[in-house]
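Note: the block below is input.cif and it holds mmCIF, C-alpha atoms.
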data_start
#
loop_
_atom_site.label_atom_id
_atom_site.label_comp_id
_atom_site.auth_asym_id
_atom_site.auth_seq_id
_atom_site.Cartn_x
_atom_site.Cartn_y
_atom_site.Cartn_z
CA MET A 1 69.81 101.80 134.49
CA ASP A 2 69.69 102.17 130.70
CA ARG A 3 69.78 99.24 128.31
CA SER A 4 73.42 99.77 127.31
CA HIS A 5 74.49 99.61 130.95
CA ARG A 6 72.51 96.43 131.51
CA LEU A 7 73.99 94.83 128.42
CA CYS A 8 77.46 95.77 129.58
CA LEU A 9 76.86 94.09 132.92
CA TRP A 10 75.38 91.09 131.16
CA ALA A 11 78.38 90.83 128.84
CA SER A 12 80.69 90.71 131.85
CA GLY A 13 78.55 87.93 133.26
CA LEU A 14 78.79 85.99 130.03
CA LEU A 15 82.56 86.26 130.20
CA VAL A 16 82.50 84.63 133.62
CA LEU A 17 80.13 81.98 132.28
CA ALA A 18 82.43 81.26 129.36
CA LEU A 19 85.38 80.80 131.70
CA GLN A 20 83.39 78.49 133.95
CA ALA A 21 82.18 76.50 130.95
CA ALA A 22 85.69 75.14 130.57
CA SER A 23 85.18 73.27 133.85
CA ALA A 24 83.22 70.09 134.46
CA LEU A 25 80.37 71.98 136.14
CA VAL A 26 78.28 72.20 132.99
CA GLU A 27 75.04 70.40 132.25
CA HIS A 28 73.13 70.49 128.97
CA SER A 29 69.46 69.45 129.13
CA THR A 30 67.09 69.09 126.20
CA ILE A 31 63.40 68.91 127.11
CA ALA A 32 61.10 67.45 124.49
CA GLY A 33 57.90 69.29 123.72
CA PRO A 34 55.59 66.26 123.50
CA VAL A 35 54.76 64.53 126.77
CA GLN A 36 57.09 61.62 127.42
CA THR A 37 56.21 58.12 128.59
CA GLY A 38 57.89 56.09 131.26
CA GLU A 39 59.24 56.99 134.68
CA SER A 40 60.79 60.40 135.38
CA ARG A 41 63.97 60.88 137.39
CA VAL A 42 63.35 63.50 140.09
CA GLN A 43 65.92 65.07 142.42
CA PHE A 44 65.09 66.18 145.97
CA ILE A 45 68.52 66.20 147.69
CA SER A 46 70.81 69.05 146.64
CA ASP A 47 74.23 68.65 145.07
CA ALA A 48 77.15 71.01 145.56
CA HIS A 49 76.15 72.73 142.31
CA GLY A 50 73.13 72.99 140.01
CA LEU A 51 70.70 74.84 142.28
CA ASP A 52 68.73 76.25 139.32
CA ALA A 53 69.13 73.16 137.09
CA PRO A 54 66.28 70.99 135.78
CA LYS A 55 65.16 68.57 138.48
CA VAL A 56 62.79 66.34 136.48
CA GLN A 57 63.81 64.34 133.41
CA PRO A 58 62.06 63.31 131.26
CA VAL A 59 58.75 65.15 131.69
CA ASN A 60 55.91 62.65 131.65
CA GLY A 61 52.23 63.37 132.19
CA THR A 62 52.23 63.43 135.99
CA VAL A 63 55.28 65.55 136.90
CA PHE A 64 56.18 69.23 136.61
CA ASP A 65 59.23 71.49 136.68
CA TRP A 66 59.23 75.25 136.14
CA TRP A 67 61.32 78.44 136.32
CA TYR A 68 59.57 81.54 137.70
CA PHE A 69 60.65 85.21 137.40
CA ASP A 70 58.88 88.34 138.61
CA ALA A 71 59.33 92.07 139.11
CA VAL A 72 57.12 94.74 140.65
CA SER A 73 57.43 98.52 140.51
CA ALA A 74 58.45 100.43 143.61
CA VAL A 75 56.08 103.33 142.83
CA ASP A 76 52.96 102.10 141.01
CA LYS A 77 51.04 98.96 139.99
CA SER A 78 53.34 97.91 137.15
CA SER A 79 54.52 94.31 137.30
CA VAL A 80 55.59 91.38 135.15
CA VAL A 81 55.69 87.65 135.88
CA ILE A 82 57.21 85.14 133.46
CA THR A 83 57.11 81.39 134.05
CA PHE A 84 58.77 78.77 131.88
CA PHE A 85 56.72 75.61 132.43
CA THR A 86 57.55 72.00 131.66
CA SER A 87 54.28 70.33 132.62
CA THR A 88 50.99 69.00 131.37
CA ALA A 89 47.66 70.45 132.47
CA ASP A 90 47.03 67.14 134.25
CA ALA A 91 50.16 67.56 136.36
CA PHE A 92 49.60 71.26 137.11
CA PRO A 93 45.88 71.91 136.70
CA PHE A 94 46.17 75.69 136.41
CA LEU A 95 47.58 75.41 132.89
CA GLU A 96 45.56 75.41 129.72
CA GLU A 97 45.43 72.19 127.74
CA SER A 98 48.31 71.98 125.25
CA PRO A 99 49.87 69.38 122.95
CA VAL A 100 53.28 70.15 124.49
CA VAL A 101 54.72 70.33 128.00
CA THR A 102 56.94 73.32 127.17
CA SER A 103 55.09 76.61 127.49
CA VAL A 104 55.76 80.19 128.57
CA TYR A 105 53.18 82.15 130.55
CA ILE A 106 53.48 85.93 130.88
CA TRP A 107 51.41 88.07 133.25
CA THR A 108 51.58 91.85 133.19
CA SER A 109 50.04 94.80 134.99
CA PHE A 110 50.21 98.44 133.95
CA ALA A 111 50.61 101.42 136.27
CA ASN A 112 46.84 101.95 136.19
CA GLY A 113 46.15 98.38 137.34
CA THR A 114 45.14 96.90 133.98
CA THR A 115 46.26 93.26 133.79
CA GLY A 116 46.87 90.69 131.08
CA GLN A 117 48.00 87.12 130.50
CA PHE A 118 49.78 85.71 127.44
CA ILE A 119 50.72 82.12 126.57
CA VAL A 120 53.21 80.82 124.04
CA ASP A 121 53.85 77.11 123.44
CA ALA A 122 57.36 75.92 122.64
CA GLU A 123 58.43 73.14 120.29
CA SER A 124 61.00 72.05 122.89
CA ALA A 125 63.37 73.60 125.40
CA VAL A 126 67.09 73.63 126.11
CA VAL A 127 68.42 74.48 129.57
CA ASN A 128 72.14 74.83 130.21
CA THR A 129 73.48 74.85 133.76
CA VAL A 130 76.89 76.30 134.63
CA VAL A 131 77.82 75.92 138.31
CA ASP A 132 74.47 77.01 139.87
CA GLY A 133 73.01 79.38 137.27
CA THR A 134 70.99 78.43 134.21
CA SER A 135 70.22 79.70 130.75
CA GLY A 136 67.16 78.48 128.88
CA VAL A 137 65.65 78.75 125.42
CA PHE A 138 62.07 77.69 124.73
CA THR A 139 62.27 77.00 121.01
CA GLY A 140 59.88 78.86 118.75
CA THR A 141 58.53 81.23 121.42
CA GLY A 142 61.07 84.05 121.32
CA ALA A 143 61.36 83.55 125.10
CA SER A 144 64.62 82.81 126.89
CA TRP A 145 66.55 83.54 130.04
CA GLY A 146 70.21 83.72 130.94
CA GLY A 147 71.89 83.58 134.32
CA THR A 148 75.46 83.89 135.49
CA PRO A 149 77.08 80.88 137.21
CA ASP A 150 76.79 82.50 140.65
CA MET A 151 73.13 83.50 140.02
CA ALA A 152 74.01 87.15 140.69
CA HIS A 153 72.48 88.33 137.39
CA TYR A 154 69.58 87.09 135.26
CA VAL A 155 68.06 88.46 132.08
CA VAL A 156 64.73 87.29 130.65
CA ASP A 157 64.05 88.21 127.02
CA ILE A 158 60.64 87.99 125.33
CA ASP A 159 60.19 88.50 121.60
CA ALA A 160 56.67 87.20 120.97
CA PRO A 161 54.94 89.63 118.59
CA GLU A 162 52.24 87.04 117.85
CA VAL A 163 50.84 87.64 121.35
CA GLY A 164 51.92 91.28 121.52
CA VAL A 165 54.72 91.05 124.08
CA GLN A 166 58.33 92.12 123.57
CA GLY A 167 60.99 93.25 126.00
CA SER A 168 63.47 92.32 128.70
CA LEU A 169 63.64 91.86 132.46
CA TYR A 170 66.97 92.28 134.25
CA LEU A 171 67.56 91.03 137.82
CA GLU A 172 70.56 91.95 139.96
CA SER A 173 70.45 89.74 143.05
CA ARG A 174 70.72 91.37 146.47
CA ALA A 175 70.17 88.30 148.69
CA PRO A 176 71.84 84.87 148.71
CA ALA A 177 70.12 81.78 147.34
CA HIS A 178 68.63 79.14 149.62
CA TYR A 179 66.64 75.93 149.86
CA PRO A 180 63.47 75.52 151.97
CA CYS A 181 65.23 74.70 155.23
CA GLY A 182 68.77 75.94 154.79
CA PRO A 183 71.48 77.59 152.71
CA ALA A 184 72.48 76.71 149.17
CA GLU A 185 74.80 73.81 149.89
CA ALA A 186 75.02 70.08 149.23
CA GLY A 187 72.88 67.62 151.14
CA GLN A 188 69.83 69.85 151.68
CA ASP A 189 66.32 68.44 151.46
CA MET A 190 64.80 70.53 148.67
CA GLN A 191 61.15 69.64 149.45
CA ILE A 192 58.98 72.46 150.75
CA LEU A 193 56.38 69.77 151.43
CA PRO A 194 56.45 66.06 150.53
CA HIS A 195 56.93 65.53 146.78
CA VAL A 196 57.26 69.26 145.96
CA GLY A 197 60.71 70.79 145.49
CA TRP A 198 61.69 74.44 145.77
CA ALA A 199 64.99 76.20 145.05
CA ASN A 200 65.18 79.98 145.46
CA ALA A 201 68.01 81.25 143.26
CA VAL A 202 67.21 84.97 143.69
CA PRO A 203 65.20 85.74 146.86
CA ASP A 204 65.37 89.49 146.20
CA ALA A 205 66.77 91.60 143.40
CA LYS A 206 67.02 95.03 141.94
CA ALA A 207 64.75 94.68 138.92
CA TYR A 208 64.63 96.64 135.68
CA ALA A 209 61.77 95.89 133.28
CA ASN A 210 61.35 97.28 129.79
CA PHE A 211 58.46 95.80 127.80
CA GLU A 212 55.95 96.67 125.14
CA VAL A 213 52.62 94.92 125.71
CA LEU A 214 49.95 95.21 123.04
CA GLY A 215 51.64 98.36 121.81
CA GLU A 216 51.84 100.02 125.23
CA PRO A 217 55.05 100.41 127.28
CA ILE A 218 55.64 98.84 130.69
CA SER A 219 58.94 100.19 131.95
CA PHE A 220 59.94 100.38 135.61
CA SER A 221 62.51 99.65 138.26
CA GLY A 222 61.66 97.89 141.49
CA ALA A 223 62.00 94.54 143.27
CA GLY A 224 62.52 91.21 141.55
CA TYR A 225 62.69 87.50 142.29
CA HIS A 226 63.46 84.09 140.74
CA ASP A 227 62.84 80.54 141.90
CA LYS A 228 61.79 77.12 140.64
CA ASN A 229 59.39 74.37 141.74
CA TRP A 230 59.05 70.75 140.70
CA SER A 231 57.40 67.47 141.69
CA ASP A 232 57.38 63.74 141.05
CA ARG A 233 53.58 63.65 140.99
CA THR A 234 50.64 65.92 140.19
CA PHE A 235 50.20 69.19 142.08
CA ALA A 236 46.73 68.22 143.29
CA GLU A 237 48.00 64.99 144.84
CA SER A 238 50.37 66.95 147.09
CA VAL A 239 48.86 70.36 147.83
CA SER A 240 45.74 71.31 149.74
CA SER A 241 46.80 74.94 150.24
CA TRP A 242 49.86 77.07 149.54
CA LEU A 243 50.71 80.59 150.68
CA TRP A 244 53.91 82.04 149.25
CA GLY A 245 55.37 85.49 148.78
CA HIS A 246 58.42 87.70 148.78
CA ALA A 247 59.02 91.33 149.70
CA SER A 248 61.55 94.03 150.44
CA LEU A 249 61.36 96.04 153.67
CA GLY A 250 64.12 98.62 153.55
CA PRO A 251 67.39 96.65 153.88
CA TYR A 252 65.48 93.43 154.62
CA SER A 253 64.61 90.77 152.04
CA ILE A 254 61.98 88.26 153.12
CA VAL A 255 60.45 85.14 151.57
CA TRP A 256 57.67 83.12 153.19
CA PHE A 257 56.01 79.79 152.46
CA ASP A 258 53.17 78.02 154.22
CA ALA A 259 51.78 74.85 152.67
CA VAL A 260 49.31 72.21 153.80
CA ASP A 261 49.41 68.76 152.22
CA ARG A 262 46.44 66.53 151.37
CA GLU A 263 46.66 64.92 154.82
CA GLY A 264 46.36 68.26 156.61
CA ASN A 265 50.02 68.58 157.66
CA GLU A 266 51.48 72.12 157.67
CA PHE A 267 54.94 72.92 156.26
CA VAL A 268 56.64 76.31 156.42
CA SER A 269 59.75 78.15 155.31
CA GLY A 270 60.89 81.58 156.42
CA TYR A 271 63.86 83.46 154.98
CA VAL A 272 65.22 86.85 155.98
CA ALA A 273 68.34 88.64 154.73
CA ARG A 274 69.62 92.09 155.71
CA ASP A 275 71.86 94.06 153.37
CA GLY A 276 72.54 90.88 151.40
CA GLU A 277 73.41 88.68 154.40
CA MET A 278 71.13 85.86 155.53
CA LEU A 279 69.81 86.20 159.07
CA THR A 280 67.98 82.86 159.22
CA GLY A 281 69.58 80.64 156.60
CA ALA A 282 65.91 79.67 155.96
CA THR A 283 63.97 77.86 158.66
CA CYS A 284 61.23 75.24 158.40
CA THR A 285 60.23 75.21 162.07
CA THR A 286 56.49 75.85 162.44
CA ASP A 287 57.06 77.48 165.85
CA LEU A 288 59.28 80.10 164.19
CA VAL A 289 57.33 80.89 161.02
CA LYS A 290 53.65 81.79 160.78
CA VAL A 291 51.68 82.97 157.74
CA ARG A 292 47.99 83.66 158.19
CA PRO A 293 45.30 85.42 156.13
CA SER A 294 43.52 88.35 157.75
CA ASN A 295 39.71 88.36 157.86
CA SER A 296 39.67 84.94 156.19
CA THR A 297 40.02 81.27 157.07
CA TRP A 298 43.13 79.16 157.48
CA PRO A 299 43.79 76.79 155.88
CA PRO A 300 42.49 78.96 153.05
CA ASN A 301 39.28 77.98 151.26
CA GLY A 302 39.71 80.31 148.28
CA SER A 303 38.06 83.39 149.79
CA GLN A 304 39.91 86.69 149.47
CA PRO A 305 41.70 87.93 152.61
CA ASP A 306 42.21 91.61 153.36
CA ALA A 307 45.89 90.99 154.06
CA TYR A 308 48.40 88.40 155.19
CA LEU A 309 50.16 88.45 158.56
CA ILE A 310 53.76 87.20 158.51
CA GLU A 311 55.82 86.33 161.59
CA ILE A 312 59.39 85.03 161.45
CA ASP A 313 61.30 84.53 164.69
CA LEU A 314 64.94 85.53 164.20
CA GLY A 315 66.15 84.54 167.64
CA ASP A 316 68.40 87.18 169.19
CA GLU A 317 67.46 89.59 166.36
CA GLY A 318 63.84 89.54 167.50
CA VAL A 319 60.58 88.67 165.71
CA LEU A 320 59.93 90.13 162.29
CA GLU A 321 56.22 90.92 161.97
CA ALA A 322 54.80 92.11 158.67
CA VAL A 323 51.42 92.89 157.13
CA VAL A 324 51.04 92.60 153.35
CA GLN A 325 47.95 94.12 151.74
CA THR A 326 46.02 92.42 148.91
CA GLU A 327 45.89 95.51 146.71
CA LEU A 328 45.78 94.24 143.10
CA VAL A 329 44.95 90.80 141.72
CA VAL A 330 47.42 90.14 138.90
CA ALA A 331 46.55 86.48 138.20
CA GLY A 332 43.60 84.29 139.00
CA LEU A 333 40.47 85.76 140.59
CA PRO A 334 39.24 86.52 144.09
CA ASP A 335 37.35 83.52 145.53
CA PHE A 336 39.12 81.26 143.01
CA PRO A 337 41.42 78.34 143.94
CA TYR A 338 44.39 80.42 142.73
CA THR A 339 45.11 84.13 143.20
CA ARG A 340 48.30 86.18 142.89
CA TRP A 341 48.51 89.75 144.20
CA ILE A 342 50.88 92.67 144.41
CA GLY A 343 50.63 94.97 147.39
CA ASN A 344 52.25 97.15 150.01
CA ILE A 345 54.03 95.61 152.98
CA THR A 346 54.78 97.17 156.37
CA GLY A 347 56.57 95.62 159.29
CA THR A 348 58.56 95.75 162.50
CA LEU A 349 61.56 93.90 163.87
CA GLY A 350 61.38 93.99 167.64
CA SER A 351 60.85 97.65 168.50
CA GLU A 352 62.15 98.89 165.13
CA THR A 353 59.65 100.05 162.51
CA LEU A 354 60.87 99.00 159.08
CA GLU A 355 60.66 100.96 155.86
CA SER A 356 57.57 99.91 153.88
CA GLY A 357 57.99 98.09 150.58
CA VAL A 358 56.28 96.05 147.87
CA ALA A 359 55.41 92.37 147.72
CA VAL A 360 54.33 89.71 145.23
CA PHE A 361 52.40 86.85 146.81
CA GLU A 362 49.94 84.07 146.01
CA GLN A 363 47.43 81.63 147.41
CA PHE A 364 46.44 78.17 146.21
CA ALA A 365 43.36 76.77 147.94
CA LEU A 366 42.56 73.37 146.50
CA GLY A 367 41.44 71.50 149.59
CA ALA A 368 38.02 73.05 150.10
CA ARG A 369 37.21 73.68 146.45
CA CYS A 370 38.56 70.89 144.29
CA GLU A 371 38.27 67.15 143.91
CA LEU A 372 41.39 65.29 142.91
CA GLU A 373 39.67 63.59 140.01
CA ASN A 374 39.05 65.58 136.84
CA LEU A 375 40.60 68.72 138.29
CA GLN A 376 41.03 71.18 135.43
CA LEU A 377 40.98 74.80 136.53
CA GLY A 378 42.86 76.97 134.07
CA ILE A 379 44.48 80.24 135.09
CA ILE A 380 41.99 83.07 134.60
CA TYR A 381 42.87 86.73 134.29
#

Since I need it in another form, could you write the structure as structure tokens?
Amino acid sequence: MDRSHRLCLWASGLLVLALQAASALVEHSTIAGPVQTGESRVQFISDAHGLDAPKVQPVNGTVFDWWYFDAVSAVDKSSVVITFFTSTADAFPFLEESPVVTSVYIWTSFANGTTGQFIVDAESAVVNTVVDGTSGVFTGTGASWGGTPDMAHYVVDIDAPEVGVQGSLYLESRAPAHYPCGPAEAGQDMQILPHVGWANAVPDAKAYANFEVLGEPISFSGAGYHDKNWSDRTFAESVSSWLWGHASLGPYSIVWFDAVDREGNEFVSGYVARDGEMLTGATCTTDLVKVRPSNSTWPPNGSQPDAYLIEIDLGDEGVLEAVVQTELVVAGLPDFPYTRWIGNITGTLGSETLESGVAVFEQFALGARCELENLQLGIIY
């Protein structure tokens, strides 16, 4: 899809947004750059609208809220991940120290496997919510995103020549949004584990990326994704380990989550859609969803697995079994408390062998490596 076609589609989305803006389903949120004092208001039960809206206001020193976007090539090792953070390094210890809570992190990988990370701090941020979709501007960074009210289309724009990154990411959703344990509807518990929220606006998408990074092009089509996480306390107080990922297997879109809290309790979420229709509605039953590292320990201790084994029981549809290979580290380091990979995924559903695909997935392993006090890790690339 060329840029003119994407802009045409985006313009049609903006028309819908403008029409919806006349309704009452509009929320305007300004997020101050400096860390705020006092208690934060945090939402964990879903409303009828606002799936992608800010969930933490104001942002003090012990809470976090972020918007995550990614895309990975279908044919090589090209990828891009862009996260709009509202957090301190105390609240989410994988950030670098900063005088502001509003920052944009960009990770890239070229076709040859070369990776990079870029950080831009914002003076403040503005996030507008219309129905369920959001649009955000992180002031002074050249970074922004825009989504249609139904979350069917998102565009992320980066114009940050000071760090050498310029370009756009376009996502065309091909799977319906969901919460950890059910569909995108009112009254859902949005916690993937106690005190940590998760809303998956775009579980799978056709992705088109066109960037220039340090003077070199990264341009590809492939699979994309968008979600958000938030919490009413620091990440390290809630999470011992965290395995998350998403992938496309032919007509199937899958998202998995396995998290262990500081008390050793396991929490899971498994989501499967086929040709844009949910098969599970998202399930949080540990008997139905299993995520385990291959040739490594579970709960993870930070060591690098060869692969991850995913099982999601779809009832009458059968059991989806998948193997995702840890082919390229695109953030963090092997044997580090945080690692993100891209890799190939293969799978079966019952007796059916599924078309192979690509996956983006990550592991946090804080329990065996990190003390809660004075935890300051920094994301290394």

ask   = So which residues get picked by the PyMOL selection byres ((chain A and resi 226) around 8) here, written as a VMD selection string?
value = chain A and resid 67 to 70 200 to 204 224 to 225 227 to 228

For the provided coordinates, the residues matched by the PyMOL selection byres ((chain A and resi 103) around 12) should be stated as a tab-separated table (two decimals) with C-alpha atoms, in the coordinates of the input.
chain	number	residue	atom	x	y	z
A	31	ILE	CA	63.40	68.91	127.11
A	32	ALA	CA	61.10	67.45	124.49
A	33	GLY	CA	57.90	69.29	123.72
A	34	PRO	CA	55.59	66.26	123.50
A	64	PHE	CA	56.18	69.23	136.61
A	65	ASP	CA	59.23	71.49	136.68
A	66	TRP	CA	59.23	75.25	136.14
A	67	TRP	CA	61.32	78.44	136.32
A	82	ILE	CA	57.21	85.14	133.46
A	83	THR	CA	57.11	81.39	134.05
A	84	PHE	CA	58.77	78.77	131.88
A	85	PHE	CA	56.72	75.61	132.43
A	86	THR	CA	57.55	72.00	131.66
A	87	SER	CA	54.28	70.33	132.62
A	88	THR	CA	50.99	69.00	131.37
A	89	ALA	CA	47.66	70.45	132.47
A	95	LEU	CA	47.58	75.41	132.89
A	96	GLU	CA	45.56	75.41	129.72
A	97	GLU	CA	45.43	72.19	127.74
A	98	SER	CA	48.31	71.98	125.25
A	99	PRO	CA	49.87	69.38	122.95
A	100	VAL	CA	53.28	70.15	124.49
A	101	VAL	CA	54.72	70.33	128.00
A	102	THR	CA	56.94	73.32	127.17
A	104	VAL	CA	55.76	80.19	128.57
A	105	TYR	CA	53.18	82.15	130.55
A	106	ILE	CA	53.48	85.93	130.88
A	118	PHE	CA	49.78	85.71	127.44
A	119	ILE	CA	50.72	82.12	126.57
A	120	VAL	CA	53.21	80.82	124.04
A	121	ASP	CA	53.85	77.11	123.44
A	122	ALA	CA	57.36	75.92	122.64
A	123	GLU	CA	58.43	73.14	120.29
A	124	SER	CA	61.00	72.05	122.89
A	125	ALA	CA	63.37	73.60	125.40
A	137	VAL	CA	65.65	78.75	125.42
A	138	PHE	CA	62.07	77.69	124.73
A	139	THR	CA	62.27	77.00	121.01
A	140	GLY	CA	59.88	78.86	118.75
A	141	THR	CA	58.53	81.23	121.42
A	142	GLY	CA	61.07	84.05	121.32
A	143	ALA	CA	61.36	83.55	125.10
A	144	SER	CA	64.62	82.81	126.89

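With all atoms listed in the file taken into account, every residue lying no more than 6 Å from the file point (61.1, 71.8, 141.7) is included here: Asp65, Gly197, Trp198, Lys228, Asn229, Trp230 and Ser231 of chain A.
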
Spatial neighbours of region 37-45 of chain A, 6 Å, all atoms listed in the file, chain gap at least 5 places, as a compact mmCIF listing (two decimals) with C-alpha atoms, in the frame of the given file:
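Saved file result-v4.txt follows:
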# COMPACT_ATOMS: atom_id res chain seq x y z
CA LYS A 55 65.16 68.57 138.48
CA VAL A 56 62.79 66.34 136.48
CA GLN A 57 63.81 64.34 133.41
CA PRO A 58 62.06 63.31 131.26
CA ASN A 60 55.91 62.65 131.65
CA GLY A 187 72.88 67.62 151.14
CA GLN A 188 69.83 69.85 151.68
CA ASP A 189 66.32 68.44 151.46
CA MET A 190 64.80 70.53 148.67

remark   = Computed gap from CA of Phe336 (chain A) to CA of Leu214 (chain A) is 26.7 Å

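The two atoms in question, CA of Gln117 (chain A) and CA of Glu362 (chain A), are spaced 15.9 Å apart.
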
message = Could you tell me, as an MDAnalysis selection string, exactly which residues end up selected when the PyMOL selection byres ((chain A and resi 74) around 6) is applied to this structure?
response = chainID A and resid 73 75 222
